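Enquirer: For reference, this is target.txt, and it has compact mmCIF, C-alpha atoms.
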# COMPACT_ATOMS: atom_id res chain seq x y z
CA MET A 9 -43.59 39.29 130.09
CA ARG A 10 -40.38 40.07 131.90
CA SER A 11 -39.23 36.45 131.91
CA ALA A 12 -40.03 36.11 128.19
CA LEU A 13 -38.01 39.20 127.36
CA LEU A 14 -35.14 37.97 129.49
CA GLY A 15 -35.30 34.70 127.57
CA ILE A 16 -35.13 36.56 124.25
CA ALA A 17 -32.19 38.61 125.49
CA ALA A 18 -30.35 35.52 126.70
CA ALA A 19 -30.94 33.67 123.43
CA SER A 20 -29.81 36.70 121.45
CA LEU A 21 -26.66 37.02 123.50
CA THR A 22 -25.91 33.34 122.93
CA LEU A 23 -26.42 33.76 119.18
CA LEU A 24 -24.31 36.90 119.15
CA ALA A 25 -21.51 35.19 121.03
CA SER A 26 -21.55 32.22 118.66
CA THR A 27 -21.56 34.52 115.63
CA VAL A 28 -18.65 36.59 116.93
CA ASN A 29 -16.78 33.40 117.85
CA ALA A 30 -17.32 31.97 114.37
CA ALA A 31 -16.01 35.19 112.87
CA THR A 32 -12.94 35.46 115.07
CA SER A 33 -11.81 31.96 116.16
CA ARG A 34 -10.41 30.79 112.83
CA THR A 35 -6.73 31.66 113.16
CA THR A 36 -4.64 28.97 111.39
CA TRP A 37 -4.71 27.35 107.98
CA GLN A 38 -4.56 23.93 109.67
CA GLN A 39 -7.76 24.78 111.52
CA GLU A 40 -9.33 26.05 108.32
CA ALA A 41 -8.40 22.89 106.40
CA LEU A 42 -10.47 20.75 108.77
CA ILE A 43 -13.73 22.54 107.96
CA THR A 44 -15.98 20.46 105.71
CA ASP A 45 -19.31 22.26 106.08
CA PRO A 46 -19.68 24.63 103.06
CA VAL A 47 -21.69 27.16 105.06
CA GLN A 48 -19.09 27.31 107.81
CA GLU A 49 -16.29 27.47 105.24
CA CYS A 50 -17.79 30.54 103.62
CA THR A 51 -18.71 32.32 106.84
CA SER A 52 -16.41 35.32 106.86
CA TYR A 53 -13.93 35.73 109.70
CA ASN A 54 -11.56 38.32 111.09
CA TYR A 55 -7.84 37.65 110.86
CA GLN A 56 -5.75 39.97 112.96
CA PRO A 57 -2.66 40.09 110.70
CA VAL A 58 -4.89 41.37 107.88
CA ASN A 59 -6.77 43.75 110.16
CA SER A 60 -3.49 45.29 111.26
CA VAL A 61 -2.33 46.19 107.72
CA ILE A 62 -5.42 46.58 105.55
CA GLY A 63 -5.71 50.28 106.37
CA SER A 64 -2.64 50.91 104.22
CA TYR A 65 -4.16 49.22 101.18
CA PRO A 66 -6.62 50.29 98.48
CA THR A 67 -10.27 49.39 99.01
CA ILE A 68 -10.89 45.68 98.57
CA TRP A 69 -12.36 44.84 95.14
CA ALA A 70 -12.11 48.41 93.91
CA THR A 71 -9.66 49.41 91.17
CA ALA A 72 -6.40 49.94 93.00
CA ASP A 73 -4.70 53.34 93.07
CA LEU A 74 -2.75 55.50 95.52
CA SER A 75 -5.62 57.70 96.71
CA ALA A 76 -6.70 55.83 99.85
CA LYS A 77 -6.07 57.67 103.09
CA GLY A 78 -3.72 55.03 104.52
CA ILE A 79 -1.45 54.65 101.49
CA THR A 80 2.09 55.20 102.70
CA SER A 81 4.51 57.81 101.41
CA TYR A 82 6.93 54.98 100.62
CA ASP A 83 4.45 53.40 98.21
CA LYS A 84 3.83 56.76 96.52
CA LYS A 85 7.55 57.43 96.18
CA LEU A 86 8.10 53.97 94.71
CA PHE A 87 5.56 54.67 91.97
CA ALA A 88 7.03 58.13 91.33
CA SER A 89 10.47 56.58 90.89
CA ILE A 90 9.35 54.51 87.89
CA ASN A 91 6.51 56.60 86.44
CA ALA A 92 8.71 58.83 84.27
CA SER A 93 10.23 55.77 82.59
CA ILE A 94 6.97 53.99 81.78
CA PRO A 95 6.43 53.77 77.98
CA ASN A 96 4.09 56.38 76.56
CA ILE A 97 1.30 53.97 75.63
CA ALA A 98 -2.20 55.21 76.34
CA PRO A 99 -4.69 53.09 78.32
CA ARG A 100 -7.23 51.29 76.13
CA GLY A 101 -10.88 50.41 76.65
CA THR A 102 -12.55 49.91 80.01
CA ARG A 103 -11.93 47.97 83.18
CA ALA A 104 -14.59 45.49 82.07
CA GLY A 105 -12.92 44.89 78.71
CA ASN A 106 -14.92 47.04 76.31
CA PHE A 107 -12.50 47.82 73.45
CA LYS A 108 -15.09 48.49 70.77
CA ASN A 109 -14.09 52.14 70.29
CA VAL A 110 -10.36 51.46 70.38
CA THR A 111 -8.34 51.87 67.18
CA TYR A 112 -5.21 49.72 66.98
CA ASN A 113 -2.96 48.60 64.13
CA THR A 114 -2.94 44.83 64.46
CA ASN A 115 -0.65 44.48 61.42
CA THR A 116 2.31 46.25 63.02
CA ASP A 117 1.21 45.58 66.61
CA PRO A 118 3.56 48.27 67.98
CA ASP A 119 2.85 47.55 71.65
CA CYS A 120 2.69 43.74 71.61
CA TRP A 121 -0.92 43.90 72.78
CA TRP A 122 -1.91 40.34 73.62
CA THR A 123 -5.65 40.96 73.40
CA ALA A 124 -5.26 42.19 69.82
CA THR A 125 -2.70 39.77 68.40
CA ARG A 126 -1.81 37.19 71.08
CA CYS A 127 1.67 38.70 71.06
CA THR A 128 3.97 37.27 73.75
CA GLN A 129 7.36 38.58 72.55
CA PRO A 130 7.59 42.24 73.70
CA LYS A 131 8.55 44.87 71.15
CA LEU A 132 10.09 47.08 73.84
CA SER A 133 13.80 46.48 74.34
CA GLY A 134 14.78 45.01 77.68
CA LEU A 135 11.57 43.10 78.37
CA VAL A 136 11.65 39.31 78.47
CA ALA A 137 9.15 37.16 76.60
CA ASP A 138 5.97 36.07 78.36
CA ILE A 139 5.97 32.59 79.84
CA THR A 140 3.53 30.54 77.75
CA LYS A 141 4.64 26.93 78.15
CA CYS A 142 6.88 24.57 80.06
CA ASP A 143 10.34 24.22 78.55
CA GLU A 144 10.78 20.61 79.66
CA PRO A 145 9.50 18.18 77.00
CA ASN A 146 6.38 16.17 77.83
CA THR A 147 5.60 18.39 80.78
CA TRP A 148 2.51 20.50 81.33
CA GLY A 149 1.91 23.28 83.79
CA PHE A 150 -1.28 23.08 85.81
CA THR A 151 -2.39 26.60 86.75
CA LEU A 152 -5.43 27.90 88.62
CA ASP A 153 -6.60 31.52 88.63
CA ASP A 154 -8.74 33.72 90.89
CA GLY A 155 -8.13 32.20 94.32
CA PRO A 156 -7.98 31.91 97.18
CA ASN A 157 -11.58 31.26 98.07
CA CYS A 158 -13.57 29.88 100.97
CA SER A 159 -14.79 26.90 98.96
CA HIS A 160 -11.40 25.48 98.03
CA ASN A 161 -10.87 22.95 100.85
CA ALA A 162 -12.42 20.14 98.84
CA TYR A 163 -10.24 20.95 95.85
CA PHE A 164 -7.05 21.21 97.91
CA ASP A 165 -7.93 17.87 99.52
CA TYR A 166 -8.43 16.30 96.11
CA LEU A 167 -5.10 17.59 94.78
CA ASN A 168 -3.42 16.07 97.82
CA THR A 169 -4.97 12.65 97.14
CA ILE A 170 -3.45 12.59 93.65
CA ASP A 171 -0.19 14.26 94.68
CA GLN A 172 -0.78 17.09 92.19
CA LYS A 173 0.83 20.49 92.60
CA ALA A 174 -0.32 23.61 90.78
CA THR A 175 0.59 27.23 90.23
CA LEU A 176 -2.05 29.37 91.97
CA PHE A 177 -2.61 32.90 90.72
CA TYR A 178 -4.05 34.79 93.69
CA ILE A 179 -6.18 37.94 93.48
CA GLY A 180 -5.03 40.35 96.19
CA SER A 181 -8.55 41.18 97.36
CA ASN A 182 -9.27 37.47 97.75
CA VAL A 183 -6.14 37.07 99.87
CA ALA A 184 -7.41 39.86 102.13
CA ASP A 185 -10.85 38.23 102.33
CA TRP A 186 -9.73 34.60 102.73
CA PRO A 187 -6.18 34.72 104.15
CA LEU A 188 -6.12 31.26 105.74
CA GLU A 189 -7.22 29.63 102.52
CA GLY A 190 -4.40 31.51 100.83
CA GLN A 191 -1.93 30.17 103.38
CA ARG A 192 -3.11 26.61 102.84
CA GLY A 193 -2.28 26.80 99.14
CA LEU A 194 1.33 27.60 100.04
CA ALA A 195 1.47 25.06 102.88
CA ASP A 196 0.28 22.31 100.54
CA GLY A 197 3.28 22.97 98.30
CA HIS A 198 1.71 24.89 95.43
CA GLU A 199 3.50 27.73 93.66
CA ILE A 200 1.95 31.14 94.36
CA CYS A 201 1.75 33.99 91.85
CA SER A 202 -0.21 37.23 91.54
CA HIS A 203 -3.42 37.84 89.59
CA THR A 204 -3.69 41.59 90.39
CA TRP A 205 -5.57 43.32 93.20
CA SER A 206 -9.09 43.43 91.74
CA HIS A 207 -9.02 41.52 88.41
CA PRO A 208 -9.43 44.28 85.78
CA TYR A 209 -8.44 44.35 82.14
CA MET A 210 -4.99 45.77 82.77
CA THR A 211 -4.41 47.75 79.57
CA ALA A 212 -7.39 49.94 80.55
CA MET A 213 -5.59 51.01 83.72
CA THR A 214 -3.66 54.27 84.10
CA ASN A 215 0.00 53.99 85.04
CA GLU A 216 -0.85 54.55 88.70
CA GLN A 217 -3.67 52.03 88.67
CA ALA A 218 -1.60 49.39 86.88
CA PHE A 219 1.23 49.88 89.37
CA ALA A 220 -1.18 49.63 92.32
CA GLU A 221 -2.96 46.55 90.96
CA LEU A 222 0.36 44.73 90.69
CA TYR A 223 2.09 46.17 93.73
CA TYR A 224 -0.68 45.62 96.27
CA SER A 225 -1.44 42.10 95.12
CA LYS A 226 2.23 41.30 95.62
CA LYS A 227 2.30 43.12 98.95
CA ILE A 228 -0.77 41.43 100.49
CA ILE A 229 0.63 38.03 99.55
CA LYS A 230 3.82 38.99 101.35
CA ASP A 231 1.94 40.24 104.42
CA VAL A 232 -0.31 37.17 104.67
CA LEU A 233 1.81 34.31 103.31
CA GLY A 234 5.28 35.66 104.04
CA ILE A 235 6.60 35.17 100.51
CA THR A 236 7.53 37.56 97.70
CA VAL A 237 5.99 36.43 94.42
CA ARG A 238 7.85 36.96 91.14
CA CYS A 239 5.22 35.87 88.67
CA TRP A 240 1.80 37.13 87.66
CA ARG A 241 -0.92 36.46 85.10
CA PRO A 242 -2.91 39.30 83.53
CA PRO A 243 -6.66 38.83 84.00
CA TYR A 244 -8.15 37.74 80.66
CA GLY A 245 -4.59 37.69 79.29
CA ASP A 246 -4.81 41.44 78.66
CA VAL A 247 -1.31 42.91 78.61
CA ASP A 248 0.89 45.14 76.45
CA ASP A 249 4.42 46.50 76.72
CA ARG A 250 3.40 49.35 79.05
CA ILE A 251 1.96 46.88 81.54
CA ARG A 252 4.89 44.51 81.06
CA PHE A 253 7.29 47.38 81.84
CA ILE A 254 5.50 48.17 85.10
CA ALA A 255 5.47 44.49 86.06
CA ASP A 256 9.16 44.19 85.23
CA ALA A 257 9.92 47.20 87.44
CA LEU A 258 8.17 45.34 90.27
CA ASP A 259 10.13 42.15 89.48
CA VAL A 260 7.22 39.98 88.41
CA ASN A 261 7.33 37.93 85.22
CA VAL A 262 4.33 37.70 82.90
CA GLU A 263 2.57 34.38 82.34
CA THR A 264 -0.01 34.67 79.60
CA SER A 265 -0.59 31.04 78.60
CA GLN A 266 -3.12 30.87 75.77
CA TYR A 267 -6.50 31.87 77.10
CA THR A 268 -9.54 31.44 74.89
CA TYR A 269 -10.72 34.99 75.35
CA PRO A 270 -12.07 37.12 72.48
CA ASN A 271 -9.45 38.98 70.49
CA TYR A 272 -9.42 42.61 69.47
CA ALA A 273 -11.06 42.03 66.07
CA GLN A 274 -13.98 40.28 67.74
CA TYR A 275 -14.42 43.15 70.17
CA VAL A 276 -14.49 45.70 67.35
CA ALA A 277 -16.90 43.60 65.31
CA GLY A 278 -19.17 43.17 68.31
CA THR A 279 -18.92 39.40 68.02
CA HIS A 280 -16.89 38.75 71.13
CA SER A 281 -17.77 35.33 72.37
CA ILE A 282 -15.82 32.56 74.02
CA ALA A 283 -17.01 30.30 71.17
CA LEU A 284 -15.01 32.45 68.73
CA ALA A 285 -11.74 32.04 70.58
CA ALA A 286 -8.48 31.36 68.78
CA PRO A 287 -8.31 27.68 67.70
CA THR A 288 -4.73 27.40 68.89
CA ALA A 289 -5.72 27.99 72.52
CA VAL A 290 -4.89 25.24 74.99
CA SER A 291 -7.10 26.25 77.88
CA LYS A 292 -10.72 27.14 78.26
CA ASP A 293 -12.98 28.60 80.90
CA VAL A 294 -15.88 26.31 81.64
CA LYS A 295 -18.45 25.63 84.31
CA ILE A 296 -16.96 23.03 86.60
CA GLN A 297 -18.41 21.01 89.42
CA LEU A 298 -16.81 18.70 91.96
CA SER A 299 -19.33 15.97 92.67
CA ALA A 300 -19.12 12.19 92.49
CA SER A 301 -16.28 12.28 89.98
CA PRO A 302 -13.64 14.87 90.97
CA THR A 303 -11.37 13.79 88.10
CA SER A 304 -13.86 15.39 85.73
CA VAL A 305 -12.78 18.80 87.03
CA ILE A 306 -9.35 18.49 85.48
CA ALA A 307 -10.67 16.70 82.41
CA SER A 308 -13.32 19.30 81.62
CA ALA A 309 -11.51 22.43 82.74
CA THR A 310 -8.44 22.01 80.58
CA LYS A 311 -7.49 21.09 77.06
CA VAL A 312 -3.86 20.08 76.73
CA VAL A 313 -1.99 20.09 73.42
CA ILE A 314 1.28 18.17 73.52
CA ALA A 315 4.19 19.40 71.44
CA SER A 316 7.63 17.92 70.89
CA ASP A 317 9.33 20.89 72.53
CA GLY A 318 7.17 20.76 75.61
CA VAL A 319 3.55 21.05 76.53
CA GLN A 320 1.62 24.30 76.63
CA GLN A 321 0.21 25.33 79.95
CA ALA A 322 -3.26 24.13 80.79
CA SER A 323 -5.16 26.52 82.97
CA SER A 324 -8.46 26.86 84.73
CA SER A 325 -10.15 29.41 86.95
CA LEU A 326 -11.69 28.52 90.28
CA ASN A 327 -14.20 30.89 91.79
CA SER A 328 -16.35 30.82 94.91
CA ALA A 329 -18.44 27.83 93.87
CA ALA A 330 -16.10 26.00 91.56
CA VAL A 331 -15.47 23.13 93.94
CA SER A 332 -18.79 23.13 95.75
CA THR A 333 -20.48 19.75 95.95
CA ALA A 334 -23.81 21.47 95.50
CA SER A 335 -23.34 23.88 92.60
CA SER A 336 -21.14 24.92 89.70
CA ALA A 337 -20.04 28.43 88.73
CA THR A 338 -18.66 30.26 85.74
CA ALA A 339 -14.94 30.90 85.78
CA HIS A 340 -13.52 34.36 86.28
CA SER A 341 -16.24 35.84 88.43
CA SER A 342 -15.02 37.77 91.45
CA ALA A 343 -17.53 37.86 94.26
CA PRO A 344 -17.54 40.90 96.53
CA PRO A 345 -16.21 40.42 100.06
CA ARG A 346 -18.51 38.73 102.51
CA ARG A 347 -16.95 40.27 105.58
CA ARG A 348 -19.16 43.35 105.48
CA ALA A 349 -22.32 41.22 105.45
CA ALA A 350 -21.15 39.26 108.48
CA ARG A 351 -20.41 42.46 110.37
CA LYS A 352 -23.88 43.76 109.55
CA ALA A 353 -25.34 40.57 111.01
CA VAL A 354 -23.39 41.05 114.23
CA VAL A 355 -24.50 44.67 114.46
CA GLY A 356 -28.10 43.58 113.93
CA LEU A 357 -27.88 41.03 116.72
CA ALA A 358 -26.32 43.58 119.02
CA ALA A 359 -29.22 45.94 118.34
CA LEU A 360 -31.71 43.19 119.12
CA VAL A 361 -30.00 42.43 122.42
CA SER A 362 -29.94 46.11 123.35
CA ALA A 363 -33.64 46.47 122.54
CA ALA A 364 -34.56 43.43 124.60
CA ALA A 365 -32.47 44.63 127.53
CA TRP A 366 -34.07 48.06 127.35
CA LEU A 367 -37.57 46.53 127.46
CA VAL A 368 -36.69 44.47 130.52
CA MET A 369 -35.34 47.49 132.41
Would you mind writing the structure in this file as structure tokens?
Expert:
Amino acid sequence: MRSALLGIAAASLTLLASTVNAATSRTTWQQEALITDPVQECTSYNYQPVNSVIGSYPTIWATADLSAKGITSYDKKLFASINASIPNIAPRGTRAGNFKNVTYNTNTDPDCWWTATRCTQPKLSGLVADITKCDEPNTWGFTLDDGPNCSHNAYFDYLNTIDQKATLFYIGSNVADWPLEGQRGLADGHEICSHTWSHPYMTAMTNEQAFAELYYSKKIIKDVLGITVRCWRPPYGDVDDRIRFIADALDVNVETSQYTYPNYAQYVAGTHSIALAAPTAVSKDVKIQLSASPTSVIASATKVVIASDGVQQASSSLNSAAVSTASSATAHSSAPPRRRAARKAVVGLAALVSAAAWLVM
């Protein structure tokens, strides 16, 4: 009995050590890029540079604001310095994009609300137009939203084989969860921009929340990648002049492209469906899978319309399973962090070891 229990304890300690090692030994993007096993790729890990700063950030995957205990006085003062100047435009709808009870004059479109009218030329003086296309003729911009993610090694490898660069719009919470994957995107030569902290419909945010969603996504990219981004894309394209003003105060330019998301009239009518999207859109969210024919990812995930004055941006969204060889996933889904689950597993193993040791004693 004693020898059996000792064997259980020893095996548990070995498993615990391997689990802790797997969670803590991944420290460079080069190391991360060599991983080909999907399970190992998506095993969460601790990254000390993130651990050392995350206490001063909002909760990962929660709507960002300035209420967290570790938020610095500098961050609060920065928001206070611009808050009085923010246009008096009330938040609309919900974080999840329910605008059914919102009343808005789409004829005059006073706030250049993209979701209602696809407006990209701000009505508020001093704001620059949204970036919607490449100015150079016969050129298209390849953009990818919602990264970084644990499953993106295969996709990064594929882009390298065809010498294709992209603009990557990173969600701040994803950068905190998968920092080395985020670093690889930069190291491979892609342009990095922000896609907010937690991916909400931005016009539903209060001034403080909108500031925090933009500010902390920009800040975590700086802390993890070492660069200061100056571009961002509103999740679902949802932006108006109030949100543009806050973004401008934080020195980030708006890229709206032409998503095929439902417009305001469809929300009000209760007919919001991707199938009803504006016919002029040049990009679409689809289920994509990287299998035997990786070129199909680009072919199926984008629809490019060429114009004489340049080519509109083609965009796609890559989520946790978008480039998995085993499954496909719907664009624009933001999975919750896996780190907590991994820590629970370690705690469970530690409890097992302690129990076995106690029985042996």
Enquirer: Leaving out Pro130 in chain A and any residue of its chain fewer than 2 positions from it, which residues lie within 9 Å of it when counting all atoms listed in the file, given as a list in words?
Expert: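 The contact residues come out as Asp119, Cys120, Trp121, Cys127, Thr128, Leu132, Ser133, Gly134, Leu135, Val136, Ala137, Asp138, Asp248, Asp249 and Arg252 of chain A.
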Enquirer: So what do you get for CA of Arg34 in chain A versus CA of Asp231 in chain A, distance-wise?
Expert: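 So the answer is 17.7 Å.
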Enquirer: Rank nothing, just name the residue among A:Leu167, A:Ile90, A:Val183, A:Ile97 nearest to Phe219 in chain A, using all atoms listed in the file.
Expert: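 Of A:Leu167, A:Ile90, A:Val183, A:Ile97, the one nearest Phe219 in chain A, counting all atoms listed in the file, is A:Ile90.
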Enquirer: Take CA of Arg100 in chain A and CA of Thr211 in chain A and report the distance between them in Å, one decimal.
Expert: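 It comes out at 5.7 Å.
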Enquirer: Which is closest to Cys142 in chain A among A:Gly155, A:Glu263, A:Tyr223, A:His203, if we use all atoms listed in the file?
Expert: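 Nearest to Cys142 in chain A: A:Glu263.
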Enquirer: In Å, how far is it from CA of Pro46 in chain A to CA of Glu199 in chain A?
Expert: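 For CA of Pro46 in chain A relative to CA of Glu199 in chain A, the distance reads 25.2 Å.
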Enquirer: Find the residues near Ala76 in chain A: any atom within 8 Å, counting only C-alpha atoms, skip ones fewer than 2 places away on the same chain, and give them as a PyMOL selection string.
Expert: chain A and resi 64-67+73-74+78-79
Enquirer: So, counting all atoms listed in the file, which residue among A:Thr264, A:Leu233, A:Gln217, A:Ala212 is closest to Ser75 in chain A?
Expert: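 Smallest separation from Ser75 in chain A among the options: A:Gln217.
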Enquirer: Using all atoms of range 202-212 of chain A that appear in the file, construct an axis-aligned enclosing box with 8 Å of padding on every side and provide its centre coordinates and edge lengths in Å, rounded to one decimal, as JSON.
Expert:
{"center_x": -4.8, "center_y": 43.6, "center_z": 86.4, "size_x": 25.2, "size_y": 28.7, "size_z": 29.6}
